[in-house]
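Text of the file input.txt, holding compact mmCIF, C-alpha atoms:
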```txt
# COMPACT_ATOMS: atom_id res chain seq x y z
CA MET L 265 -16.38 -14.76 3.69
CA THR L 266 -18.57 -11.69 3.24
CA SER L 267 -17.69 -8.88 0.88
CA LEU L 268 -14.86 -6.55 1.75
CA SER L 269 -15.70 -3.13 3.10
CA VAL L 270 -16.20 -0.57 0.33
CA ASN L 271 -15.05 2.25 2.60
CA GLY L 272 -11.82 0.59 3.72
CA TRP L 273 -9.01 2.00 5.82
CA TYR L 274 -7.39 3.46 2.69
CA THR L 275 -10.29 5.92 2.20
CA GLN L 276 -9.21 7.84 5.32
CA ASP L 277 -6.59 10.53 5.78
CA GLY L 278 -3.65 9.80 8.05
CA PRO L 279 -0.53 11.42 9.55
CA ASP L 280 1.99 12.74 6.99
CA ASN L 281 -0.38 11.78 4.16
CA ASP L 282 1.28 14.23 1.79
CA VAL L 283 4.31 11.90 1.64
CA VAL L 284 3.27 8.61 3.29
CA ILE L 285 0.30 6.91 1.70
CA SER L 286 0.00 3.93 4.04
CA THR L 287 1.63 1.85 6.77
CA ARG L 288 1.68 -1.92 7.12
CA LEU L 289 2.96 -3.77 10.20
CA ARG L 290 3.28 -7.57 10.17
CA LEU L 291 4.12 -10.13 12.88
CA ALA L 292 5.36 -13.59 11.82
CA ARG L 293 4.64 -16.46 14.20
CA ASN L 294 5.01 -20.27 14.08
CA LEU L 295 3.50 -22.98 16.24
CA ALA L 296 6.03 -24.63 18.52
CA SER L 297 4.96 -28.23 17.91
CA PHE L 298 4.93 -28.18 14.09
CA PRO L 299 7.60 -27.85 11.37
CA PHE L 300 7.68 -24.62 9.38
CA PRO L 301 5.25 -24.55 6.41
CA HIS L 302 7.90 -25.40 3.80
CA ARG L 303 8.78 -28.49 5.87
CA GLU L 304 5.23 -29.66 6.54
CA ARG L 305 4.39 -33.25 5.66
CA GLY L 306 1.18 -35.25 5.52
CA GLU L 307 -1.55 -33.65 7.62
CA ASP L 308 0.70 -31.05 9.28
CA GLY L 309 -0.69 -28.18 7.27
CA GLU L 310 -4.31 -29.12 7.89
CA ARG L 311 -3.67 -29.46 11.62
CA VAL L 312 -2.00 -26.04 11.79
CA LEU L 313 -4.90 -24.51 9.87
CA SER L 314 -7.42 -26.12 12.21
CA ALA L 315 -5.51 -25.05 15.36
CA VAL L 316 -5.28 -21.42 14.28
CA LEU L 317 -8.94 -21.21 13.25
CA ASP L 318 -9.97 -22.75 16.58
CA SER L 319 -7.89 -20.12 18.36
CA PHE L 320 -9.59 -17.31 16.42
CA ALA L 321 -12.96 -18.70 17.48
CA GLN L 322 -11.95 -17.91 21.09
CA VAL L 323 -10.74 -14.32 20.71
CA SER L 324 -12.88 -11.67 22.38
CA ASP L 325 -14.26 -10.15 19.16
CA HIS L 326 -14.53 -13.40 17.18
CA GLU L 327 -17.82 -12.31 15.62
CA SER L 328 -15.92 -9.53 13.76
CA TRP L 329 -13.71 -12.02 11.89
CA GLN L 330 -14.31 -13.80 8.59
CA SER L 331 -12.29 -16.87 7.62
CA ASN L 332 -11.79 -19.00 4.54
CA ARG L 333 -9.34 -21.32 2.88
CA VAL L 334 -7.30 -19.56 0.22
CA ASP L 335 -7.94 -22.32 -2.33
CA CYS L 336 -11.70 -21.82 -1.85
CA LEU L 337 -11.60 -18.09 -2.58
CA PRO L 338 -12.98 -17.04 -5.97
CA PRO L 339 -10.19 -15.67 -8.22
CA LEU L 340 -11.62 -12.15 -8.08
CA ARG L 341 -11.72 -12.12 -4.26
CA ARG L 342 -8.18 -13.45 -4.14
CA GLY L 343 -7.11 -10.70 -6.54
CA LEU L 344 -8.69 -8.05 -4.29
CA LEU L 345 -6.80 -9.35 -1.27
CA MET L 346 -3.53 -9.35 -3.21
CA GLU L 347 -4.08 -5.79 -4.37
CA ARG L 348 -4.72 -4.68 -0.79
CA GLY L 349 -1.54 -6.37 0.44
CA VAL L 350 -3.26 -9.07 2.50
CA LEU L 351 -2.19 -11.99 0.32
CA SER L 352 1.12 -12.23 -1.50
CA ASN L 353 1.60 -13.17 -5.14
CA SER L 354 4.78 -15.06 -4.29
CA ASP L 355 2.95 -17.37 -1.93
CA GLN L 356 0.87 -18.80 -4.77
CA SER L 357 3.80 -20.32 -6.68
CA GLU L 358 4.38 -23.47 -4.57
CA SER L 359 3.25 -26.74 -6.14
CA PRO L 360 1.30 -28.23 -4.58
CA PRO L 361 0.36 -25.20 -2.48
CA PRO L 362 0.08 -25.68 1.31
CA PRO L 363 -3.42 -25.71 2.86
CA ALA L 364 -3.48 -21.96 3.41
CA GLY L 365 -6.11 -19.87 5.14
CA ILE L 366 -7.05 -16.22 5.55
CA VAL L 367 -8.79 -14.61 8.53
CA LEU L 368 -9.88 -11.03 7.96
CA ARG L 369 -11.49 -8.52 10.28
CA ALA L 370 -14.62 -7.01 8.76
CA ASP L 371 -13.15 -3.49 8.47
CA GLY L 372 -10.09 -4.78 6.58
CA CYS L 373 -7.62 -3.11 8.97
CA LEU L 374 -6.37 -6.40 10.41
CA ALA L 375 -5.75 -9.76 8.77
CA CYS L 376 -4.01 -13.06 9.41
CA THR L 377 -2.72 -15.49 6.81
CA ILE L 378 -2.14 -19.13 7.74
CA ASN L 379 0.54 -21.38 6.23
CA GLN L 380 1.82 -18.68 3.91
CA GLY L 381 5.54 -18.38 4.56
CA ASP L 382 4.97 -18.82 8.31
CA HIS L 383 2.21 -20.56 10.24
CA LEU L 384 0.71 -17.14 11.03
CA ARG L 385 1.34 -13.69 9.64
CA ILE L 386 -0.67 -11.03 11.41
CA SER L 387 -0.90 -7.79 9.41
CA ALA L 388 -2.41 -4.40 10.23
CA PHE L 389 -2.94 -1.53 7.79
CA ALA L 390 -3.47 2.20 8.25
CA SER L 391 -3.43 5.34 6.15
CA GLY L 392 -0.43 7.66 6.45
CA LEU L 393 2.49 7.10 8.83
CA ASN L 394 0.70 5.28 11.63
CA THR L 395 2.88 2.72 13.37
CA ALA L 396 1.11 3.30 16.70
CA ASP L 397 -2.29 1.98 15.62
CA THR L 398 -0.90 -0.82 13.44
CA TRP L 399 1.35 -2.03 16.27
CA GLU L 400 -1.50 -1.94 18.79
CA LEU L 401 -3.79 -3.94 16.47
CA CYS L 402 -1.17 -6.63 15.79
CA HIS L 403 0.11 -6.80 19.36
CA ASN L 404 -3.36 -7.15 20.90
CA LEU L 405 -4.30 -9.96 18.52
CA ASP L 406 -0.92 -11.65 19.08
CA GLU L 407 -1.51 -11.58 22.85
CA GLU L 408 -4.99 -13.06 22.49
CA LEU L 409 -3.85 -15.88 20.23
CA GLN L 410 -1.04 -16.78 22.64
CA ARG L 411 -3.66 -17.73 25.22
CA THR L 412 -4.50 -20.82 23.17
CA LEU L 413 -1.43 -21.25 20.90
CA GLN L 414 2.21 -21.78 21.81
CA PHE L 415 4.55 -19.96 19.44
CA ALA L 416 8.08 -21.14 18.58
CA ALA L 417 10.68 -18.95 20.32
CA SER L 418 14.02 -19.09 22.10
CA TYR L 419 15.51 -16.93 24.83
CA GLU L 420 18.56 -16.03 22.72
CA THR L 421 16.86 -15.43 19.36
CA GLY L 422 13.29 -14.42 20.08
CA PHE L 423 10.50 -15.64 17.81
CA LEU L 424 11.56 -18.30 15.29
CA THR L 425 10.50 -17.74 11.70
CA SER L 426 10.88 -19.32 8.25
CA SER L 427 13.28 -16.56 7.20
CA LEU L 428 16.33 -15.67 9.30
CA PHE L 429 15.70 -12.01 8.45
CA ASP L 430 12.34 -12.15 10.24
CA ALA L 431 13.57 -13.88 13.41
CA GLY L 432 13.72 -11.93 16.67
CA SER L 433 10.69 -9.70 16.94
CA GLY L 434 9.18 -11.35 13.85
CA MET L 435 8.06 -7.86 12.87
CA LYS L 436 8.19 -6.30 9.42
CA ILE L 437 7.16 -2.67 9.03
CA SER L 438 6.75 -0.97 5.68
CA VAL L 439 5.41 2.34 4.43
CA HIS L 440 4.20 3.25 0.96
CA ALA L 441 5.74 6.66 0.18
CA HIS L 442 5.34 9.17 -2.65
CA LEU L 443 8.68 10.87 -3.43
CA PRO L 444 8.42 12.78 -6.74
CA ALA L 445 10.45 15.83 -5.68
CA ILE L 446 13.44 13.74 -4.55
CA GLU L 447 13.46 12.15 -8.01
CA LEU L 448 13.06 15.46 -9.83
CA ALA L 449 15.84 17.06 -7.77
CA GLY L 450 18.40 14.82 -9.49
CA GLN L 451 20.87 12.02 -8.81
CA GLU L 452 22.59 13.72 -5.89
CA ALA L 453 19.30 14.14 -4.02
CA PHE L 454 18.28 10.57 -4.80
CA ALA L 455 21.65 9.27 -3.57
CA GLN L 456 21.13 11.22 -0.35
CA PHE L 457 17.73 9.53 0.06
CA LEU L 458 19.18 6.04 -0.49
CA SER L 459 22.06 6.75 1.89
CA ALA L 460 19.63 7.84 4.60
CA ILE L 461 17.53 4.70 4.14
CA ASN L 462 20.30 2.13 3.86
CA GLY L 463 22.43 3.68 6.60
CA ARG L 464 19.63 3.20 9.10
CA GLY L 465 18.97 -0.45 8.25
CA PHE L 466 16.05 0.04 5.87
CA VAL L 467 15.42 -0.85 2.24
CA ALA L 468 13.62 1.15 -0.47
CA GLU L 469 11.81 -0.73 -3.25
CA THR L 470 9.93 0.64 -6.23
CA TYR L 471 6.19 0.07 -5.92
CA TYR L 472 5.21 -0.26 -9.60
CA GLY L 473 8.56 -1.39 -10.97
CA LEU L 474 10.85 0.41 -13.40
CA ALA L 475 10.18 1.97 -16.78
CA PRO L 476 12.45 1.17 -19.77
CA ASN L 477 14.50 4.29 -18.95
CA GLY L 478 15.30 2.87 -15.50
CA MET L 479 13.05 5.30 -13.60
CA PRO L 480 10.19 4.08 -11.40
CA PHE L 481 6.56 4.40 -12.49
CA GLY L 482 4.91 7.19 -10.56
CA SER L 483 7.56 7.91 -7.88
CA TYR L 484 6.11 5.40 -5.40
CA TYR L 485 8.38 3.52 -3.00
CA ARG L 486 8.00 0.92 -0.28
CA ILE L 487 10.36 1.59 2.65
CA ARG L 488 10.77 -1.38 4.99
CA ASN L 489 13.10 -2.74 7.67
CA ALA L 490 15.79 -5.06 6.26
CA ASN L 491 15.52 -7.50 9.18
CA SER L 492 13.73 -7.99 12.51
CA VAL L 493 16.74 -8.90 14.66
CA GLY L 494 18.05 -5.63 16.08
CA GLY L 495 16.39 -4.27 19.21
CA THR L 496 12.90 -4.59 20.62
CA GLU L 497 9.71 -3.94 18.70
CA PHE L 498 9.64 -0.42 20.13
CA ASP L 499 13.24 0.20 19.02
CA GLN L 500 12.42 -0.94 15.50
CA ILE L 501 9.25 1.15 15.33
CA ALA L 502 11.11 4.23 16.62
CA ALA L 503 13.85 3.70 14.01
CA LEU L 504 11.31 3.49 11.18
CA ASN L 505 9.42 6.57 12.37
CA SER L 506 12.66 8.55 12.60
CA THR L 507 13.82 7.44 9.15
CA VAL L 508 10.52 8.12 7.41
CA LYS L 509 10.15 11.50 9.13
CA TYR L 510 13.63 12.39 7.83
CA VAL L 511 12.70 11.30 4.28
CA ALA L 512 9.39 13.20 4.48
CA ALA L 513 11.18 16.38 5.54
CA MET L 514 13.63 15.91 2.65
CA GLU L 515 10.78 15.43 0.15
CA ARG L 516 8.95 18.54 1.40
CA ARG L 517 12.12 20.60 1.18
CA PHE L 518 12.70 19.57 -2.43
CA ARG L 519 9.06 20.29 -3.27
CA ALA L 520 9.43 23.82 -1.95
CA GLU L 521 12.67 24.28 -3.90
CA LEU L 522 11.05 23.02 -7.11
CA LEU L 523 8.09 25.35 -6.66
CA GLU L 524 10.47 28.27 -6.12
CA ALA L 525 13.07 27.49 -8.81
CA ARG L 526 11.05 25.73 -11.52
CA PRO L 527 7.39 26.73 -11.08
CA THR L 528 6.50 26.77 -14.78
CA ILE L 529 8.01 23.34 -15.43
CA LEU L 530 6.24 21.96 -12.36
CA ARG L 531 2.92 23.52 -13.36
CA ASP L 532 3.24 22.12 -16.88
CA ARG L 533 3.69 18.62 -15.48
CA VAL L 534 0.69 18.95 -13.19
CA TYR L 535 -1.55 20.63 -15.78
CA ARG L 536 -0.78 17.97 -18.39
CA ALA L 537 -1.72 15.20 -15.95
CA PHE L 538 -4.87 17.09 -14.95
CA ALA L 539 -5.95 17.52 -18.60
CA THR L 540 -5.09 13.95 -19.56
CA VAL L 541 -7.24 12.50 -16.78
CA LYS L 542 -10.09 14.88 -17.56
CA TYR L 543 -10.30 14.12 -21.28
CA SER L 544 -9.02 10.54 -21.61
CA ARG L 545 -11.21 7.56 -22.45
CA PHE L 546 -8.81 4.70 -21.69
CA MET L 547 -5.99 4.24 -19.18
CA GLU L 548 -3.67 1.38 -18.34
CA GLU L 549 -2.78 0.94 -14.67
CA ARG L 550 0.79 2.21 -14.81
CA GLU L 551 -0.23 5.22 -16.88
CA ALA L 552 -2.96 6.00 -14.33
CA ALA L 553 -0.42 5.64 -11.50
CA ILE L 554 1.94 8.14 -13.14
CA LEU L 555 -0.88 10.64 -13.75
CA LEU L 556 -2.12 10.22 -10.18
CA SER L 557 1.42 10.83 -8.94
CA ASP L 558 1.66 14.13 -10.82
CA ILE L 559 -1.79 15.22 -9.66
CA LYS L 560 -0.93 14.40 -6.05
CA LEU L 561 2.25 16.45 -6.44
CA GLY L 562 0.09 19.32 -7.72
CA ILE L 563 -2.22 19.10 -4.71
CA ASP L 564 0.61 18.81 -2.19
CA THR L 565 2.39 21.87 -3.67
CA GLY L 566 -0.82 23.93 -3.85
CA ILE L 567 -0.94 24.15 -7.66
CA ILE L 568 -4.36 22.51 -7.73
CA THR L 569 -6.85 22.17 -4.91
CA TRP L 570 -10.19 20.63 -3.99
CA SER L 571 -13.33 22.74 -4.36
CA GLU L 572 -14.38 21.16 -1.06
CA PRO L 573 -12.53 18.83 1.37
CA ARG L 574 -12.18 15.25 0.11
CA ALA L 575 -10.73 13.03 2.87
CA GLY L 576 -8.80 10.07 1.53
CA SER L 577 -9.88 10.46 -2.12
CA LEU L 578 -6.37 10.21 -3.57
CA ASN L 579 -5.26 7.38 -1.27
CA ALA L 580 -8.32 5.34 -2.22
CA LEU L 581 -7.46 5.73 -5.91
CA PHE L 582 -4.15 3.93 -5.44
CA TYR L 583 -6.23 0.79 -4.85
CA ARG L 584 -9.32 1.50 -6.94
CA ILE L 585 -7.38 1.77 -10.21
CA LYS L 586 -6.17 -1.84 -9.85
CA ARG L 587 -7.68 -4.55 -12.01
CA ALA L 588 -9.50 -6.71 -9.45
CA HIS L 589 -11.07 -3.64 -7.84
CA LEU L 590 -12.29 -2.46 -11.25
CA GLU L 591 -13.65 -5.90 -12.14
CA THR L 592 -15.58 -5.88 -8.86
CA VAL L 593 -17.15 -2.51 -9.74
CA ILE L 594 -18.04 -3.71 -13.24
CA ARG L 595 -19.66 -6.93 -11.96
CA SER L 596 -21.66 -5.07 -9.30
CA GLY L 597 -23.31 -2.66 -11.75
CA ASN L 598 -25.14 -2.52 -15.04
CA PHE L 599 -23.11 -0.24 -17.28
CA ALA L 600 -24.06 1.01 -20.72
CA TRP L 601 -20.77 0.59 -22.54
CA GLU L 602 -19.96 2.32 -25.80
CA ARG L 603 -20.51 0.04 -28.80
CA ASP L 604 -16.80 -0.30 -29.60
CA VAL L 605 -15.96 -1.12 -25.97
CA ALA L 606 -18.73 -3.46 -24.89
CA ASN L 607 -17.25 -6.73 -26.20
CA GLN L 608 -13.59 -6.21 -25.24
CA GLU L 609 -12.71 -6.97 -21.62
CA ASN L 610 -9.41 -5.07 -21.53
CA LEU L 611 -11.03 -1.99 -22.99
CA ARG L 612 -13.85 -2.19 -20.44
CA ILE L 613 -11.27 -2.33 -17.62
CA GLN L 614 -9.34 0.65 -19.05
CA ARG L 615 -12.58 2.57 -19.62
CA MET L 616 -13.75 1.92 -16.06
CA ARG L 617 -10.35 2.95 -14.68
CA THR L 618 -10.69 6.27 -16.50
CA LEU L 619 -14.23 6.81 -15.23
CA VAL L 620 -13.19 6.02 -11.64
CA MET L 621 -10.29 8.48 -11.91
CA GLN L 622 -12.50 11.20 -13.39
CA ASP L 623 -15.21 10.72 -10.78
CA ALA L 624 -12.74 10.79 -7.86
CA LEU L 625 -10.93 13.89 -9.14
CA ASP L 626 -14.06 15.76 -10.23
CA GLY L 627 -13.75 18.34 -7.44
CA LEU L 628 -10.21 19.46 -8.34
CA LEU L 629 -9.58 23.04 -9.43
CA ILE L 630 -6.52 24.84 -10.76
CA ARG L 631 -5.67 27.58 -8.26
CA GLY L 632 -6.13 31.02 -9.78
CA THR L 633 -6.97 31.84 -13.38
CA ALA L 634 -4.65 31.37 -16.31
CA LEU L 635 -4.20 35.15 -16.55
CA GLU L 636 -3.22 35.41 -12.88
CA ALA L 637 -0.76 32.56 -13.28
CA ALA L 638 0.76 34.27 -16.33
CA ARG L 639 1.14 37.57 -14.49
CA ASN L 640 2.90 35.84 -11.62
CA THR L 641 5.28 33.70 -13.68
CA THR L 642 5.84 35.43 -17.06
CA PRO L 643 8.44 38.22 -17.40
CA GLU L 644 7.10 41.55 -18.59
CA ILE L 645 7.40 42.08 -22.35
CA LYS L 646 8.39 45.61 -23.30
CA GLU L 647 7.82 47.08 -26.77
```

Let me see the structure of the file written as structure tokens.
Amino acid sequence: MTSLSVNGWYTQDGPDNDVVISTRLRLARNLASFPFPHRERGEDGERVLSAVLDSFAQVSDHESWQSNRVDCLPPLRRGLLMERGVLSNSDQSESPPPPAGIVLRADGCLACTINQGDHLRISAFASGLNTADTWELCHNLDEELQRTLQFAASYETGFLTSSLFDAGSGMKISVHAHLPAIELAGQEAFAQFLSAINGRGFVAETYYGLAPNGMPFGSYYRIRNANSVGGTEFDQIAALNSTVKYVAAMERRFRAELLEARPTILRDRVYRAFATVKYSRFMEEREAAILLSDIKLGIDTGIITWSEPRAGSLNALFYRIKRAHLETVIRSGNFAWERDVANQENLRIQRMRTLVMQDALDGLLIRGTALEAARNTTPEIKE
């Protein structure tokens, strides 16, 4: 497998990028003549792997695809694929692991895992809220593979999958959303958000997990369909688009209200994040995610701005601050580390994370001068 594209899909801007960072659409498929992966015995897994790879060799753009066995991937490459959402951490826990494979299109927008949960999982990725392109990518590949593979399906159920929740269309759609204003607006606003999600058959999960105080790190959420049974693929896509558009409108409304009602508090939060990134020397991933969240909020509310347009810079950072991505950068260059950093791997990772953040955000400016901001937000003092 050749190296992954440096300028991946996540470096681009997309629809509703102020709220929705990325979209992932996945189709689960299983071969009709083989047991599901968790039931495979003997040479079943190897035969499934061989059949799928042979099918990929016959697709129209086969020269654009790179394939490998998962157990042959170097640990760093596997880490990169996990961080980009192509491989799943949970799929590595089986002992012994099934003979799994990965087929990846050169631009990274489209991937297929083999024998991980299902015989095939076709996934497409795009920046912003972009179900149209991700569906087209997955659907076209699905159609091509069906010319040489027979997938397990029934008239009553639809496609048959390892999980009952995935049966039917076999489609899972998820978006990575940034919702700081809904959180800052309080419990009532957050309950309204959860009610809107759950009432429409979707689930919201924290992206970076929870802090000790019970709040998520950095206000990032993954919104996904709870199951793939109800309606056609187009019905499910329409339902997700409608739900996410509703949540995005809610988030924008709360941002405007925060900027109107609590501008000084909001500016303090953004300015502190801006200064911390600018002058720090070390950052852990979750700390960087929180700072990036506050800076993104500042950009999206107009408190800070780019000196010149920077398409996709913030979205790319959500991936470039992760460990495997940083290790890749470190191994590909010859860096002159500070003497007290050079011999400590964790410090080198944290130092590189800080440098990557500072380089990516170098063109940011606070809108207006401090004096102008004070005149606009500070009450007049009379002697």

Original post:
Can you tell me how far atom CA of L:Ala490 sits from atom CA of L:Glu469, in Å to one decimal?
Top reply: 11.2 Å

Original post:
Can you list, as a PyMOL selection string, every protein, DNA or RNA residue that comes within 10 Å of L:Arg290 when you count all atoms listed in the file, leaving out same-chain residues fewer than 5 positions away?
Top reply: chain L and resi 374-376+384-389+398-399+402-403+434-438

**OP:** May I have the protein, DNA and RNA residues with an atom at most 12 Å from (-5.0, -7.2, -5.0), counting only C-alpha atoms in the file's coordinates, returned as an MDAnalysis selection string?
**Re:** chainID L and resid 268 339:353 582:592

Include C-alpha atoms and write out the residues we just selected as a tab-separated table (two decimals), keeping the file's coordinate frame.
```tsv
chain	number	residue	atom	x	y	z
L	268	LEU	CA	-14.86	-6.55	1.75
L	339	PRO	CA	-10.19	-15.67	-8.22
L	340	LEU	CA	-11.62	-12.15	-8.08
L	341	ARG	CA	-11.72	-12.12	-4.26
L	342	ARG	CA	-8.18	-13.45	-4.14
L	343	GLY	CA	-7.11	-10.70	-6.54
L	344	LEU	CA	-8.69	-8.05	-4.29
L	345	LEU	CA	-6.80	-9.35	-1.27
L	346	MET	CA	-3.53	-9.35	-3.21
L	347	GLU	CA	-4.08	-5.79	-4.37
L	348	ARG	CA	-4.72	-4.68	-0.79
L	349	GLY	CA	-1.54	-6.37	0.44
L	350	VAL	CA	-3.26	-9.07	2.50
L	351	LEU	CA	-2.19	-11.99	0.32
L	352	SER	CA	1.12	-12.23	-1.50
L	353	ASN	CA	1.60	-13.17	-5.14
L	582	PHE	CA	-4.15	3.93	-5.44
L	583	TYR	CA	-6.23	0.79	-4.85
L	584	ARG	CA	-9.32	1.50	-6.94
L	585	ILE	CA	-7.38	1.77	-10.21
L	586	LYS	CA	-6.17	-1.84	-9.85
L	587	ARG	CA	-7.68	-4.55	-12.01
L	588	ALA	CA	-9.50	-6.71	-9.45
L	589	HIS	CA	-11.07	-3.64	-7.84
L	590	LEU	CA	-12.29	-2.46	-11.25
L	591	GLU	CA	-13.65	-5.90	-12.14
L	592	THR	CA	-15.58	-5.88	-8.86
```

Original post:
If we count only C-alpha atoms, what is near L:Gly381 at a cut-off of 9 Å, once residues fewer than 3 positions away on the same chain are taken out, given as a list of chain:residue names?
Top reply: L:Ala292, L:Phe300, L:Pro301, L:His302, L:Asp355, L:Ile378, L:Leu384, L:Arg385, L:Thr425, L:Ser426, L:Ser427

**OP:** Rank nothing, just name the residue among L:Phe498, L:Arg545, L:Leu458, L:Asp382 nearest to L:Ala416, using all atoms listed in the file.
**Re:**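 Between L:Phe498, L:Arg545, L:Leu458, L:Asp382, the residue approaching L:Ala416 most closely is L:Asp382.
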
**OP:** Report the distance between atom CA of L:Thr496 and atom CA of L:Asn404 in Å, rounded to one decimal place.
**Re:**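 Computed distance, atom CA of L:Thr496 to atom CA of L:Asn404, equals 16.5 Å.
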
Return as AutoDock Vina command-line options the box centre and box size in Å, one decimal, for an axis-aligned box around all listed atoms of stretch 517-523 of chain L padded by 6 Å per side.
```
--center_x 10.4 --center_y 22.5 --center_z -3.0 --size_x 16.6 --size_y 17.8 --size_z 20.3
```
